[in-house]
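Asker: Below is the file work-v1.tsv, with TSV, C-alpha atoms.
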chain	number	residue	atom	x	y	z
A	1	MET	CA	-85.19	-180.17	-155.25
A	2	ALA	CA	-84.89	-177.25	-157.52
A	3	SER	CA	-82.15	-175.67	-155.39
A	4	HIS	CA	-80.16	-178.83	-155.32
A	5	ALA	CA	-80.50	-179.17	-159.05
A	6	MET	CA	-79.10	-175.64	-159.65
A	7	TYR	CA	-75.98	-176.14	-157.51
A	8	PRO	CA	-73.87	-177.80	-160.25
A	9	ILE	CA	-74.81	-175.06	-162.70
A	10	ARG	CA	-73.78	-172.27	-160.25
A	11	ALA	CA	-70.47	-173.95	-159.54
A	12	ALA	CA	-69.74	-174.22	-163.23
A	13	SER	CA	-70.55	-170.54	-163.76
A	14	ARG	CA	-68.17	-169.57	-160.99
A	15	ARG	CA	-65.38	-171.53	-162.63
A	16	ILE	CA	-66.14	-169.92	-165.93
A	17	SER	CA	-66.06	-166.40	-164.40
A	18	LEU	CA	-62.62	-167.07	-162.86
A	19	VAL	CA	-61.09	-167.75	-166.27
A	20	PRO	CA	-59.81	-164.48	-167.90
A	21	ARG	CA	-61.48	-163.28	-171.00
A	22	ASN	CA	-58.18	-162.93	-172.90
A	23	PRO	CA	-55.94	-165.69	-171.70
A	24	PRO	CA	-52.20	-164.96	-172.15
A	25	LEU	CA	-50.40	-166.65	-174.91
A	26	PRO	CA	-47.57	-169.03	-174.14
A	27	THR	CA	-44.95	-166.56	-175.49
A	28	GLN	CA	-46.21	-163.80	-173.18
A	29	CYS	CA	-45.92	-166.05	-170.19
A	30	ALA	CA	-42.35	-166.88	-171.16
A	31	ALA	CA	-41.48	-163.16	-171.48
A	32	ARG	CA	-42.94	-162.47	-168.05
A	33	ARG	CA	-40.88	-165.27	-166.61
A	34	LEU	CA	-37.71	-163.84	-168.29
A	35	VAL	CA	-38.40	-160.35	-166.98
A	36	THR	CA	-39.00	-161.67	-163.53
A	37	ALA	CA	-35.87	-163.82	-163.70
A	38	SER	CA	-33.65	-160.99	-165.07
A	39	LYS	CA	-34.41	-158.51	-162.36
A	40	ALA	CA	-31.62	-155.88	-162.07
A	41	LYS	CA	-29.06	-156.53	-159.42
A	42	ALA	CA	-27.31	-153.84	-157.47
A	43	TYR	CA	-23.66	-153.63	-158.64
A	44	PRO	CA	-21.00	-151.46	-156.88
A	45	GLN	CA	-20.32	-148.26	-158.77
A	46	SER	CA	-16.82	-147.78	-160.18
A	47	SER	CA	-14.54	-144.90	-159.09
A	48	SER	CA	-14.59	-143.47	-162.64
A	49	SER	CA	-18.32	-142.73	-162.53
A	50	THR	CA	-19.01	-139.02	-162.57
A	51	THR	CA	-22.55	-139.25	-161.00
A	52	PRO	CA	-22.29	-140.05	-157.28
A	53	SER	CA	-24.79	-142.48	-155.78
A	54	THR	CA	-27.22	-141.08	-153.25
A	55	SER	CA	-27.06	-144.23	-151.17
A	56	ALA	CA	-23.25	-144.45	-151.21
A	57	THR	CA	-21.10	-142.95	-148.47
A	58	PRO	CA	-19.62	-139.59	-149.52
A	59	SER	CA	-15.93	-139.93	-150.51
A	60	THR	CA	-13.10	-138.08	-148.86
A	61	ALA	CA	-12.26	-136.23	-152.11
A	62	SER	CA	-15.50	-134.26	-151.85
A	63	LYS	CA	-14.50	-132.85	-148.50
A	64	THR	CA	-13.15	-129.27	-148.45
A	65	PRO	CA	-9.45	-129.31	-147.42
A	66	PRO	CA	-8.56	-127.26	-144.39
A	67	PRO	CA	-6.95	-123.84	-145.08
A	68	ILE	CA	-3.13	-123.79	-145.24
A	69	PRO	CA	-1.60	-121.25	-142.89
A	70	PRO	CA	0.71	-118.65	-144.56
A	71	ARG	CA	4.36	-119.59	-144.58
A	72	SER	CA	6.74	-117.23	-142.86
A	73	TYR	CA	10.07	-116.60	-144.61
A	74	ALA	CA	11.68	-114.71	-141.78
A	75	ARG	CA	14.78	-116.30	-140.41
A	76	THR	CA	14.56	-117.18	-136.82
A	77	ALA	CA	17.80	-117.70	-135.02
A	78	PRO	CA	17.89	-120.78	-132.84
A	79	ALA	CA	17.25	-120.02	-129.24
A	80	THR	CA	20.26	-121.99	-128.17
A	81	ALA	CA	22.73	-120.20	-130.57
A	82	ALA	CA	24.83	-117.67	-128.70
A	83	ARG	CA	26.50	-114.75	-130.48
A	84	LYS	CA	30.27	-114.94	-130.38
A	85	PRO	CA	32.10	-111.77	-129.43
A	86	ILE	CA	34.23	-110.11	-132.13
A	87	PRO	CA	37.91	-110.56	-131.33
A	88	ALA	CA	39.98	-107.44	-130.80
A	89	VAL	CA	42.04	-106.15	-133.71
A	90	SER	CA	45.66	-107.00	-133.31
A	91	GLY	CA	48.57	-104.92	-134.53
A	92	GLU	CA	49.13	-101.19	-134.86
A	93	PRO	CA	46.65	-98.97	-136.74
A	94	LEU	CA	47.67	-97.59	-140.13
A	95	PRO	CA	48.95	-94.01	-140.13
A	96	ASP	CA	46.77	-91.25	-141.54
A	97	ALA	CA	47.45	-89.99	-145.06
A	98	PRO	CA	49.75	-86.95	-145.17
A	99	PRO	CA	48.10	-83.63	-146.01
A	100	ALA	CA	48.20	-82.43	-149.61
A	101	THR	CA	51.24	-80.33	-150.40
A	102	THR	CA	51.45	-77.40	-152.80
A	103	THR	CA	55.05	-77.63	-153.83
A	104	GLY	CA	54.60	-78.29	-157.56
A	105	PRO	CA	53.60	-75.63	-160.08
A	106	VAL	CA	50.37	-77.40	-160.97
A	107	ALA	CA	49.34	-77.72	-157.32
A	108	ARG	CA	50.11	-74.05	-156.58
A	109	ASP	CA	48.17	-72.85	-159.61
A	110	ALA	CA	45.22	-75.03	-158.62
A	111	ALA	CA	45.33	-73.66	-155.06
A	112	ALA	CA	45.45	-70.09	-156.38
A	113	ALA	CA	42.50	-70.79	-158.67
A	114	MET	CA	40.57	-72.29	-155.76
A	115	SER	CA	41.28	-69.24	-153.62
A	116	ASN	CA	40.21	-66.97	-156.43
A	117	SER	CA	37.04	-69.01	-156.84
A	118	ASN	CA	36.26	-68.76	-153.13
A	119	ASN	CA	36.80	-65.01	-153.08
A	120	ASN	CA	35.11	-64.00	-156.29
A	121	GLY	CA	32.89	-67.05	-156.83
A	122	ASN	CA	32.92	-69.21	-159.92
A	123	ASP	CA	29.49	-67.87	-160.79
A	124	ASN	CA	30.01	-64.19	-161.73
A	125	GLY	CA	29.11	-63.24	-158.17
A	126	ASN	CA	25.32	-63.71	-158.45
A	127	GLY	CA	25.02	-67.48	-157.89
A	128	ALA	CA	24.40	-68.33	-161.56
A	129	PRO	CA	26.79	-70.60	-163.48
A	130	ILE	CA	29.22	-68.97	-165.87
A	131	ASP	CA	28.17	-68.84	-169.50
A	132	TRP	CA	31.50	-69.25	-171.27
A	133	ALA	CA	29.87	-68.38	-174.59
A	134	ASN	CA	29.85	-64.73	-173.47
A	135	SER	CA	31.76	-64.44	-170.17
A	136	TYR	CA	35.33	-63.20	-169.63
A	137	HIS	CA	35.42	-64.31	-166.00
A	138	GLY	CA	38.91	-64.27	-164.44
A	139	LEU	CA	40.60	-62.56	-167.37
A	140	GLY	CA	43.92	-61.03	-166.21
A	141	THR	CA	43.23	-61.51	-162.48
A	142	SER	CA	46.59	-63.14	-161.65
A	143	SER	CA	49.65	-64.62	-163.32
A	144	PHE	CA	50.64	-68.26	-163.34
A	145	SER	CA	53.47	-69.54	-161.18
A	146	PRO	CA	57.07	-69.18	-162.43
A	147	GLU	CA	57.33	-72.95	-162.88
A	148	THR	CA	54.21	-73.00	-165.05
A	149	SER	CA	55.43	-70.07	-167.09
A	150	THR	CA	58.72	-71.87	-167.71
A	151	VAL	CA	56.90	-74.88	-169.10
A	152	LEU	CA	54.70	-72.71	-171.33
A	153	GLN	CA	57.56	-70.59	-172.73
A	154	ALA	CA	60.12	-73.36	-173.19
A	155	ARG	CA	62.08	-73.35	-176.46
A	156	LEU	CA	60.90	-75.84	-179.05
A	157	ASP	CA	62.92	-78.86	-180.06
A	158	PRO	CA	63.75	-78.55	-183.80
A	159	ASP	CA	62.79	-82.20	-184.25
A	160	ASP	CA	59.17	-81.35	-183.27
A	161	ILE	CA	58.75	-78.70	-185.98
A	162	GLU	CA	57.24	-79.74	-189.32
A	163	VAL	CA	57.48	-78.07	-192.75
A	164	LYS	CA	54.60	-77.77	-195.23
A	165	PRO	CA	55.23	-78.04	-199.01
A	166	ASP	CA	54.70	-74.27	-199.35
A	167	GLY	CA	57.48	-73.53	-196.82
A	168	ILE	CA	55.32	-72.77	-193.70
A	169	ILE	CA	56.63	-74.29	-190.48
A	170	TYR	CA	54.21	-75.46	-187.79
A	171	LEU	CA	53.90	-77.51	-184.60
A	172	PRO	CA	51.43	-80.44	-184.67
A	173	GLU	CA	48.36	-79.71	-182.55
A	174	ILE	CA	48.87	-82.76	-180.34
A	175	LYS	CA	52.08	-81.19	-179.04
A	176	TYR	CA	50.17	-78.07	-177.95
A	177	ARG	CA	47.97	-80.33	-175.87
A	178	ARG	CA	50.99	-82.04	-174.33
A	179	ILE	CA	52.45	-78.69	-173.31
A	180	LEU	CA	49.15	-77.63	-171.69
A	181	ASN	CA	48.92	-80.94	-169.83
A	182	ALA	CA	52.49	-80.58	-168.59
A	183	ALA	CA	51.88	-77.02	-167.40
A	184	PHE	CA	48.38	-77.27	-165.84
A	185	GLY	CA	47.58	-80.95	-165.66
A	186	PRO	CA	44.99	-82.96	-167.62
A	187	GLY	CA	41.49	-81.71	-166.89
A	188	ALA	CA	42.56	-78.25	-165.64
A	189	TRP	CA	42.04	-76.58	-169.00
A	190	GLY	CA	39.52	-76.74	-171.85
A	191	LEU	CA	38.10	-75.09	-174.96
A	192	ALA	CA	34.65	-73.49	-174.64
A	193	PRO	CA	32.73	-72.73	-177.86
A	194	ARG	CA	31.87	-69.05	-178.26
A	195	GLY	CA	29.39	-69.52	-181.08
A	196	GLU	CA	27.87	-71.92	-183.59
A	197	LEU	CA	29.81	-73.79	-186.24
A	198	MET	CA	29.69	-71.77	-189.47
A	199	VAL	CA	29.74	-73.94	-192.59
A	200	GLN	CA	30.66	-72.00	-195.71
A	201	ASP	CA	31.64	-73.02	-199.22
A	202	ARG	CA	34.43	-75.59	-198.55
A	203	LEU	CA	35.30	-73.92	-195.22
A	204	VAL	CA	34.13	-74.26	-191.61
A	205	THR	CA	34.89	-71.76	-188.83
A	206	ARG	CA	34.09	-71.47	-185.13
A	207	GLU	CA	35.23	-69.32	-182.24
A	208	TYR	CA	36.60	-70.89	-179.02
A	209	ALA	CA	37.79	-69.65	-175.64
A	210	LEU	CA	40.65	-71.25	-173.70
A	211	VAL	CA	39.70	-71.67	-170.02
A	212	VAL	CA	42.32	-72.64	-167.41
A	213	HIS	CA	41.43	-73.35	-163.76
A	214	GLY	CA	38.06	-71.67	-164.26
A	215	ARG	CA	39.60	-68.52	-165.74
A	216	PHE	CA	39.20	-67.06	-169.20
A	217	VAL	CA	42.68	-67.01	-170.80
A	218	ALA	CA	42.39	-66.52	-174.57
A	219	GLN	CA	39.98	-66.49	-177.49
A	220	ALA	CA	40.46	-67.32	-181.19
A	221	ARG	CA	38.57	-68.41	-184.27
A	222	GLY	CA	39.59	-71.65	-185.91
A	223	GLU	CA	39.09	-72.63	-189.53
A	224	GLN	CA	39.45	-75.73	-191.67
A	225	GLN	CA	38.80	-76.56	-195.31
A	226	TYR	CA	36.74	-79.53	-196.55
A	227	PHE	CA	36.13	-80.96	-200.02
A	228	SER	CA	32.82	-82.88	-199.63
A	229	GLU	CA	29.83	-82.84	-197.33
A	230	ASP	CA	30.99	-86.09	-195.75
A	231	GLY	CA	34.08	-84.30	-194.44
A	232	VAL	CA	32.30	-81.55	-192.49
A	233	SER	CA	32.59	-83.36	-189.13
A	234	THR	CA	36.30	-83.98	-189.65
A	235	ALA	CA	36.76	-80.37	-190.68
A	236	ALA	CA	34.96	-79.25	-187.50
A	237	GLU	CA	37.51	-81.15	-185.40
A	238	GLY	CA	40.36	-79.59	-187.35
A	239	CYS	CA	38.78	-76.19	-186.78
A	240	LYS	CA	38.89	-76.77	-183.02
A	241	SER	CA	42.58	-77.75	-183.16
A	242	ASN	CA	43.35	-74.65	-185.21
A	243	ALA	CA	41.65	-72.46	-182.61
A	244	LEU	CA	43.65	-74.14	-179.83
A	245	MET	CA	46.92	-73.40	-181.64
A	246	ARG	CA	45.97	-69.73	-181.98
A	247	CYS	CA	44.89	-69.46	-178.33
A	248	CYS	CA	48.21	-70.88	-177.18
A	249	LYS	CA	50.02	-67.91	-178.71
A	250	ASP	CA	48.68	-65.78	-175.83
A	251	LEU	CA	50.40	-68.12	-173.35
A	252	GLY	CA	53.72	-67.96	-175.20
A	253	ILE	CA	53.61	-71.55	-176.45
A	254	ALA	CA	55.71	-72.03	-179.63
A	255	SER	CA	56.01	-68.29	-180.02
A	256	GLU	CA	59.19	-68.66	-182.13
A	257	LEU	CA	57.11	-70.05	-185.00
A	258	TRP	CA	55.96	-66.45	-185.63
A	259	ASP	CA	59.44	-65.00	-185.28
A	260	PRO	CA	60.84	-64.16	-188.78
A	261	ARG	CA	64.48	-64.54	-187.71
A	262	PHE	CA	63.82	-67.96	-186.22
A	263	ILE	CA	61.93	-69.03	-189.35
A	264	ARG	CA	64.78	-68.06	-191.68
A	265	LYS	CA	67.36	-69.75	-189.49
A	266	PHE	CA	65.35	-72.95	-189.20
A	267	MET	CA	64.67	-73.15	-192.94
A	268	LYS	CA	68.36	-72.69	-193.69
A	269	GLU	CA	69.48	-75.37	-191.25
A	270	HIS	CA	66.68	-77.97	-191.42
A	271	ALA	CA	64.77	-77.51	-194.71
A	272	VAL	CA	65.48	-77.83	-198.42
A	273	GLN	CA	63.68	-77.21	-201.74
A	274	GLN	CA	63.30	-80.02	-204.25
A	275	TRP	CA	61.77	-80.53	-207.69
A	276	VAL	CA	58.94	-83.07	-207.73
A	277	GLU	CA	56.32	-84.36	-210.15
A	278	HIS	CA	52.65	-84.88	-209.33
A	279	VAL	CA	51.72	-88.53	-209.78
A	280	THR	CA	48.28	-87.86	-211.30
A	281	THR	CA	48.60	-84.57	-213.19
A	282	LYS	CA	52.29	-85.04	-214.15
A	283	LYS	CA	52.93	-81.40	-213.26
A	284	LYS	CA	56.37	-80.45	-211.94
A	285	LYS	CA	57.07	-77.92	-209.23
A	286	GLN	CA	59.32	-77.15	-206.28
A	287	ILE	CA	58.29	-78.02	-202.71
A	288	TRP	CA	59.85	-77.55	-199.27
A	289	LEU	CA	60.56	-80.44	-196.93
A	290	ARG	CA	62.85	-81.24	-194.06
A	291	LYS	CA	66.36	-82.40	-194.91
A	292	ASP	CA	65.81	-85.62	-192.96
A	293	ASP	CA	62.45	-86.24	-194.66
A	294	GLU	CA	61.58	-87.79	-198.05
A	295	VAL	CA	59.13	-86.99	-200.84
A	296	ARG	CA	55.70	-88.43	-200.22
A	297	TYR	CA	52.56	-89.14	-202.21
A	298	PRO	CA	51.10	-87.54	-204.34
A	299	PHE	CA	54.55	-86.33	-205.38
A	300	LYS	CA	57.65	-88.15	-206.56
A	301	LYS	CA	61.16	-87.01	-207.40
A	302	SER	CA	61.54	-85.67	-210.93
As a first step, turn the structure in this file into structure tokens.
Answerer:
Amino acid sequence: MASHAMYPIRAASRRISLVPRNPPLPTQCAARRLVTASKAKAYPQSSSSTTPSTSATPSTASKTPPPIPPRSYARTAPATAARKPIPAVSGEPLPDAPPATTTGPVARDAAAAMSNSNNNGNDNGNGAPIDWANSYHGLGTSSFSPETSTVLQARLDPDDIEVKPDGIIYLPEIKYRRILNAAFGPGAWGLAPRGELMVQDRLVTREYALVVHGRFVAQARGEQQYFSEDGVSTAAEGCKSNALMRCCKDLGIASELWDPRFIRKFMKEHAVQQWVEHVTTKKKKQIWLRKDDEVRYPFKKS
């Protein structure tokens, strides 16, 4: 009886033990239901994502591209292209150039200078180049051809001669160069300095040697005045021209300009004295000039 009476009590205690001590509140139950209902779904990852998915299939961009073989730039002729034969030249071949002749005076002098250079050597005989600052190589070894001598010693044209105000007659230096070019040819002669340019008080001087066809011909010292330091370079060029004029005396060029009889005759026939006045200082004096010339600055007729 007692056991049957305790059965309802035991059943009630079991039901009581099944109930949790802290029953959830209604709001907690609703939150659990929301969490359970909003379970994350798997969405496909976009292409812009930087972190690759471990479950996704690896893309083709992550694969290493195969190596590119080096490109060859050599031209390869097509196997089928056949080389065409070069056609034969038609017509007659051109004749060979005639051999150089030595009929002119310049050509004969050049040939003689070449022969002299082959025999004696253009190097003082010891293989060293000639130092024209000190050497007299070829001086007086042979004379120039008669045709060359005729050009050098030709009489001057009176129209080429100029007159300075003090009565000195002269030939412009450019005409000395023309005579040398006509006799030997351009490039066959030259002036070699024999020392340094000496700059003095308003005067520059330098010594030069005239060399023709590799031979020493003449030597002279030129001079030229200057009035300021800016004119030293121009005076140095005038000094060279003055030395050339003096060297040409040894070749007989314009030799009549140093002949007193010729000077007196020329002054009587082609020159005249005239009174002039200086434009700046207003001083009057007599000057010489050619009869076919006129008074020039800084003078004027008085």
Asker: Please compute the atom CA of A:Phe299-atom CA of A:Glu277 distance, one decimal, in Å.
Answerer: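 Between atom CA of A:Phe299 and atom CA of A:Glu277 the gap is 5.5 Å.
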Asker: Could you list, as a list in words, every residue within 9 Å of A:Val295, counting only C-alpha atoms and ignoring same-chain residues fewer than 5 positions away?
Answerer: Gln274, Val276, Leu289, Lys300 and Lys301 of chain A
Asker: Could you please give me, as a ChimeraX atom specification, the residues of protein, DNA or RNA lying at most 12 Å from (42.3, -80.3, -168.6) in the coordinate frame of the file, considering all atoms listed in the file?
Answerer: /A:106,110,177-192,210-214
Asker: Between atom CA of A:Gln224 and atom CA of A:Ala236, measure the distance and give it in Å to one decimal.
Answerer: 7.1 Å
Asker: Provide the atom CA of A:Arg264 to atom CA of A:Lys164 distance in Å, to one decimal place.
Answerer: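 So the answer is 14.5 Å.
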Asker: Find the smallest box with edges along x, y and z containing every listed atom of stretch 151-155 of chain A, then add 3 Å on each side and report centre and edge lengths in Å to one decimal, as JSON.
Answerer:
{"center_x": 58.4, "center_y": -72.7, "center_z": -172.8, "size_x": 13.4, "size_y": 10.3, "size_z": 13.4}
Asker: List the neighbours of stretch 198-201 of chain A out to 10 Å using all atoms listed in the file; skip same-chain residues closer than 2 positions along the sequence, and give me the result as a ChimeraX atom specification.
Answerer: /A:195-196,203-207,223-228,232,235-236
Asker: In file coordinates, which residues lie within 9 Å of (64.6, -81.9, -194.6) using all atoms listed in the file, given as a list in words?
Answerer: Val163, Met267, Glu269, His270, Ala271, Val272, Gln273, Trp288, Leu289, Arg290, Lys291, Asp292, Asp293 and Glu294 of chain A
Asker: Considering all atoms listed in the file, return as number ranges by chain whatever protein or nucleic-acid residues lie within 9 Å of A:Tyr176, sequence-local ones (same chain, fewer than 3 positions apart) excluded.
Answerer: A: 171-173, 179-181, 244-245, 248, 253-254
Asker: From the options A:Tyr170, A:Phe144, A:Trp275, A:Trp132, which residue's atoms come nearest to A:Leu156, counting only C-alpha atoms?
Answerer: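 Closest residue, counting only C-alpha atoms: A:Tyr170.
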Asker: From the list A:Ser135, A:Thr281, A:Leu251, A:Phe266, which residue is nearest A:Val151 when using all atoms listed in the file?
Answerer: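 That would be A:Leu251, the residue with the smallest distance to A:Val151.
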